[in-house]
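All remarks here apply to the structure that follows.
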Amino acid sequence: MDAQNLAFISPLLSPRPANGSDLEVAVDLLKMGDFHDRWDAVKIISDWGDEAIASLLPLLETEDWELQWFIVRILGNLQNPTTIPTLVELIKANHADVAGMAAGVLSSFGELAIAPLAALLGHEPTQLLVMQALAQIHHPQVIPLLLQEVEDADVRAVAIEALGHFHHAPEIPPVLLAALQDPAATVRRAAVVGLGFQAGSYQVDWVKQLQPLLQDLDGEVAQQTAIALGRISTPAAVAVLNQALLSQALQSSHQGLEVEIIRAIARMGIELEGLQVYLQNATPTGKQEAIAVLGRVENLQTKEQAAEILLQLLESQPDVREKQAIAFSLGQLGQLEAMEALIQLLGDVNASVRFHAIAALQQLAPQAAYQRLEVMSGEALSPALQNGVAIALQEWGDR
């Protein structure tokens with residue numbers, strides 16, 4: 001902002017300008033200023049409330065799309081229903097930024113904007129913008145509009161995604177299930193996500209319908225399917241995810257899906273036998289992820305099972321990174337049976353492994369571990385373990 005503009009705008013930066021001439025000055029700044037001037041003018045004019053509308057609407061006749069954009073932004077701040085017809089017309093604007101801003105502002109009017117937006121759905125050039133605006137309005141009157149059949153795949157995807165957020169509406173799940181067969185991957189993905197959200201509301205098991213999409217050619221669809229099955233969280237869902245996880249084809253070509261399946265199984269916390277089998281021949285990426293998620297299970301019984309799996313893995317000569325991850329996860333789980341194994345890691349040749357073990361012991365059972373280390377310091381130990389115990393005791397003392 002130049003010095004001249006700054007001189008006359010500074011007195012306006014109050015909660016409410018003093019007189020009508022001040023509004024005129026701010027509107028002039030909006031018309032003639034640069035981008036930053038206009039940004040400042042938006043707040044000043046917005047503070048005038050509905051009184052500013054009469055000064056703004058004539059300016060929309062300009063071909064300056066940036067000015068139009070700022071005016072629409074002000075109208076959004078004012079939230080006056082009388083501006084809805086103007087905003088509807090601006091959605092038809094030639095400039096995409098102005099139309100997008102107008103659609104977003106309209107959606108903020110909620111129920112009042114539904115009918116005006118619905119009238120534009122048949123206008124193909126604006127169909128996507130209108131559907132995106134309707135998708136932001138969480139009101140039952142929007143559902144029939146979202147259910148309309150359209151040819152454009154992007155529009156269908158927006159509608160299906162929005163439908164997934166409406167719960168307890170029995171007409172929606174059949175539409176989402178049908179959309180699993182849509183030729184557009186974006187639509188299938190939205191349907192999968194929606195069914196994952198809907199499962200909790202209806203307590204319905206859609207495992208059979210979702211299972212084929214774990215093999216979808218689109219990686220995003222397959223990964224979202226794993227997440228959705230995890231949300232369904234039934235023994236049938238676990239069985240399907242275990243089957244996919246142990247598939248050789250999966251492990252050789254779909255690391256992203258592999259990771260999402262591992263996370264879904266651990267998040268459900270029903271049973272971890274599939275992960276235990278998987279870890280015997282896991283890919284390096286999958287093994288690291290499995291070790292990490294095993295440390296985050298929440299069910300008490302599953303925590304015990306997770307600790308057992310990690311302790312078994314610790315006996316299989318894991319590499320340095322795996323030892324570090326195992327120690328970290330064991331510390332998170334808080335299972336006391338892991339204490340002796342973590343103490344033995346204090347004798348590891350790698351310093352980082354030793355410090356991971358110390359951190360895990362301090363998280364697991366600080367007092368019990370310290371007392372055990374004090375006893376061990378007086379016992380005959382291997383030189384490496386003796387040194388590790390001494391370092392751990394010193395670390396405890398320093399903290």
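Following the order of the structure tokens, first chain is A, next is B, and so on, with residues numbered from 1 inside each chain and ligands from 1 in the order they appear.
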request  = Would you please extract all helix (DSSP H, G or I) residues from segment 156-340 of chain A, as assigned by DSSP on the backbone, and give them as a PyMOL selection string?
outcome  = chain A and resi 156-163+172-179+185-202+207-215+219-232+235-245+248-253+255-268+273-281+284-294+300-314+320-333+336-340
Once you count only C-alpha atoms, what closest atom pair and distance in Å to one decimal does each residue of segment 93-138 of chain A within 10 Å of segment 71-87 of chain A have, with rows by chain and rising residue number, as a Markdown table?
| residue | atom | partner | partner_atom | distance |
| --- | --- | --- | --- | --- |
| A:Ala93 | CA | A:Leu87 | CA | 9.8 |
| A:Val98 | CA | A:Val72 | CA | 7.6 |
| A:Ala99 | CA | A:Leu87 | CA | 8.5 |
| A:Met101 | CA | A:Val72 | CA | 6.8 |
| A:Ala102 | CA | A:Leu87 | CA | 5.4 |
| A:Ala103 | CA | A:Leu87 | CA | 7.4 |
| A:Gly104 | CA | A:Gly76 | CA | 8.6 |
| A:Val105 | CA | A:Gly76 | CA | 5.1 |
| A:Leu106 | CA | A:Leu87 | CA | 6.8 |
| A:Ser107 | CA | A:Gly76 | CA | 9.7 |
| A:Ser108 | CA | A:Gly76 | CA | 7.7 |
| A:Phe109 | CA | A:Gln79 | CA | 7.0 |
| A:Leu112 | CA | A:Pro81 | CA | 7.6 |
| A:Ala113 | CA | A:Ile84 | CA | 7.2 |
| A:Pro116 | CA | A:Pro85 | CA | 7.5 |
| A:Leu117 | CA | A:Ile84 | CA | 9.7 |
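Of note, atom CA of Ala390 of chain A and atom CA of Glu308 of chain A are spaced 27.6 Å apart.
Residues within 10 Å of Asp348 of chain A, counting only C-alpha atoms and excluding same-chain residues fewer than 2 positions away, are Val320, Lys323, Ile343, Gln344, Leu345, Leu346, Asn350, Ala351, Ser352, Val353, Arg354, Phe355, Ala357, Ala384, Leu385 and Gly388 of chain A.
For the atom pair formed by atom CA of Leu210 of chain A and atom CA of Ile270 of chain A, the distance is 19.2 Å, given to one decimal.
Close contacts of Phe328 of chain A, defined as residues with an atom at most 10 Å away when counting only C-alpha atoms, with chain neighbours fewer than 2 positions off set aside, comprise Ile291, Ala292, Gly295, Glu322, Lys323, Gln324, Ala325, Ile326, Leu330, Gly331, Gln332, Leu333, Leu342, Val353, His356, Ala357, Ile358, Ala359, Ala360, Leu361, Gln363 and Leu364 of chain A.
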With only C-alpha atoms as the counted atoms, please give the residues lying no more than 10 Å from segment 217-234 of chain A, apart from itself and same-chain residues fewer than 6 positions off, as a PDB file with C-alpha atoms, in the first residue's frame.
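Dumped to result.pdb:
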ATOM      1  CA  LEU A 180     -19.016 -49.379  -6.296  1.00  0.00           C
ATOM      2  CA  ALA A 184     -14.960 -43.780 -12.803  1.00  0.00           C
ATOM      3  CA  ALA A 185     -12.377 -44.533 -10.109  1.00  0.00           C
ATOM      4  CA  THR A 186     -13.130 -41.239  -8.332  1.00  0.00           C
ATOM      5  CA  VAL A 187     -16.758 -42.300  -7.915  1.00  0.00           C
ATOM      6  CA  ARG A 188     -15.836 -45.796  -6.680  1.00  0.00           C
ATOM      7  CA  ARG A 189     -13.433 -44.254  -4.201  1.00  0.00           C
ATOM      8  CA  ALA A 190     -16.103 -41.865  -2.867  1.00  0.00           C
ATOM      9  CA  ALA A 191     -18.564 -44.757  -2.538  1.00  0.00           C
ATOM     10  CA  VAL A 192     -16.076 -46.875  -0.592  1.00  0.00           C
ATOM     11  CA  VAL A 193     -15.290 -44.022   1.795  1.00  0.00           C
ATOM     12  CA  GLY A 194     -18.996 -43.346   2.273  1.00  0.00           C
ATOM     13  CA  LEU A 195     -19.800 -46.967   3.087  1.00  0.00           C
ATOM     14  CA  GLY A 196     -17.029 -46.974   5.663  1.00  0.00           C
ATOM     15  CA  PHE A 197     -18.642 -44.003   7.386  1.00  0.00           C
ATOM     16  CA  GLN A 198     -22.161 -45.419   7.030  1.00  0.00           C
ATOM     17  CA  ALA A 199     -21.318 -48.804   8.557  1.00  0.00           C
ATOM     18  CA  GLY A 200     -21.334 -47.430  12.094  1.00  0.00           C
ATOM     19  CA  GLN A 203     -24.463 -51.756  11.864  1.00  0.00           C
ATOM     20  CA  VAL A 204     -24.505 -53.437   8.459  1.00  0.00           C
ATOM     21  CA  ASP A 205     -21.765 -55.719   7.170  1.00  0.00           C
ATOM     22  CA  TRP A 206     -20.842 -54.777   3.596  1.00  0.00           C
ATOM     23  CA  VAL A 207     -17.697 -56.922   3.536  1.00  0.00           C
ATOM     24  CA  LEU A 210     -16.302 -54.257  -0.649  1.00  0.00           C
ATOM     25  CA  GLN A 211     -13.933 -57.228  -0.886  1.00  0.00           C
ATOM     26  CA  VAL A 240     -10.828 -60.587   4.259  1.00  0.00           C
ATOM     27  CA  LEU A 241      -8.000 -58.227   5.194  1.00  0.00           C
ATOM     28  CA  ALA A 244      -5.372 -59.956   1.175  1.00  0.00           C
ATOM     29  CA  HIS A 254       0.936 -52.811  -3.791  1.00  0.00           C
ATOM     30  CA  GLN A 255       2.958 -51.407  -0.883  1.00  0.00           C
ATOM     31  CA  GLY A 256       0.473 -48.605  -0.245  1.00  0.00           C
ATOM     32  CA  LEU A 257      -2.382 -51.090   0.059  1.00  0.00           C
ATOM     33  CA  GLU A 258      -0.243 -53.374   2.182  1.00  0.00           C
ATOM     34  CA  VAL A 259       0.365 -50.585   4.680  1.00  0.00           C
ATOM     35  CA  GLU A 260      -3.340 -49.628   4.856  1.00  0.00           C
ATOM     36  CA  ILE A 261      -4.362 -53.247   5.449  1.00  0.00           C
ATOM     37  CA  ILE A 262      -1.853 -53.545   8.300  1.00  0.00           C
ATOM     38  CA  ARG A 263      -3.171 -50.355   9.881  1.00  0.00           C
ATOM     39  CA  ALA A 264      -6.794 -51.460   9.499  1.00  0.00           C
ATOM     40  CA  ILE A 265      -6.183 -54.831  11.146  1.00  0.00           C
ATOM     41  CA  ALA A 266      -4.375 -53.277  14.101  1.00  0.00           C
ATOM     42  CA  ARG A 267      -6.968 -50.503  14.456  1.00  0.00           C
ATOM     43  CA  MET A 268      -9.802 -53.022  14.736  1.00  0.00           C
ATOM     44  CA  GLY A 269      -8.037 -54.794  17.584  1.00  0.00           C
ATOM     45  CA  ILE A 270     -10.076 -57.982  17.175  1.00  0.00           C
TER      46      ILE A 270
END
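The two atoms in question, atom CA of Ala157 of chain A and atom CA of Asn94 of chain A, are spaced 23.9 Å apart.
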Neighbour list for Asp152 of chain A as a compact mmCIF listing (two decimals) with N, CA and C atoms, in the first residue's frame, cut-off 10 Å, only C-alpha atoms, skip fewer than 2 positions in-chain:
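around.txt written:
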# COMPACT_ATOMS: atom_id res chain seq x y z
N GLU A 124 -25.19 -27.33 -17.53
CA GLU A 124 -24.01 -28.20 -17.53
C GLU A 124 -22.71 -27.48 -17.20
N GLN A 127 -22.47 -27.19 -13.45
CA GLN A 127 -22.97 -28.33 -12.68
C GLN A 127 -22.01 -28.75 -11.56
N LEU A 128 -20.72 -28.79 -11.88
CA LEU A 128 -19.75 -29.21 -10.86
C LEU A 128 -19.69 -28.22 -9.71
N GLU A 149 -29.10 -38.44 -11.18
CA GLU A 149 -28.13 -39.05 -12.07
C GLU A 149 -27.54 -37.98 -13.00
N VAL A 150 -26.23 -37.99 -13.11
CA VAL A 150 -25.54 -37.05 -14.00
C VAL A 150 -24.48 -37.80 -14.80
N ASP A 154 -16.93 -36.30 -12.48
CA ASP A 154 -16.50 -35.44 -11.37
C ASP A 154 -17.70 -35.01 -10.53
N VAL A 155 -18.79 -34.71 -11.19
CA VAL A 155 -20.01 -34.32 -10.48
C VAL A 155 -20.54 -35.49 -9.67
N ARG A 156 -20.54 -36.67 -10.26
CA ARG A 156 -21.01 -37.88 -9.54
C ARG A 156 -20.15 -38.12 -8.30
N ALA A 157 -18.86 -37.94 -8.45
CA ALA A 157 -17.96 -38.19 -7.31
C ALA A 157 -18.24 -37.24 -6.16
N ALA A 184 -15.93 -44.80 -13.22
CA ALA A 184 -14.96 -43.78 -12.80
C ALA A 184 -14.36 -44.13 -11.44
key: Contacts of Arg38 of chain A within 9 Å, only C-alpha atoms, excl. fewer than 4 positions in-chain, as number ranges by chain   = A: 26, 29-34, 42, 67, 70
Could you turn the residues from that selection into a file that holds C-alpha atoms, as a PDB file, in the first residue's frame?
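Once everything was written out, this is again_15.pdb:
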ATOM      1  CA  ALA A  26     -13.199   2.478   1.214  1.00  0.00           C
ATOM      2  CA  LEU A  29      -9.964   1.971  -2.535  1.00  0.00           C
ATOM      3  CA  LEU A  30     -11.638  -1.302  -3.450  1.00  0.00           C
ATOM      4  CA  LYS A  31     -12.147  -0.087  -7.027  1.00  0.00           C
ATOM      5  CA  MET A  32      -8.755   1.449  -7.667  1.00  0.00           C
ATOM      6  CA  GLY A  33      -6.307  -0.110  -5.217  1.00  0.00           C
ATOM      7  CA  ASP A  34      -3.894  -2.964  -5.763  1.00  0.00           C
ATOM      8  CA  VAL A  42     -12.794  -5.887   2.424  1.00  0.00           C
ATOM      9  CA  LEU A  67     -12.737  -6.691  -8.161  1.00  0.00           C
ATOM     10  CA  PHE A  70     -13.398  -9.197  -3.627  1.00  0.00           C
TER      11      PHE A  70
END
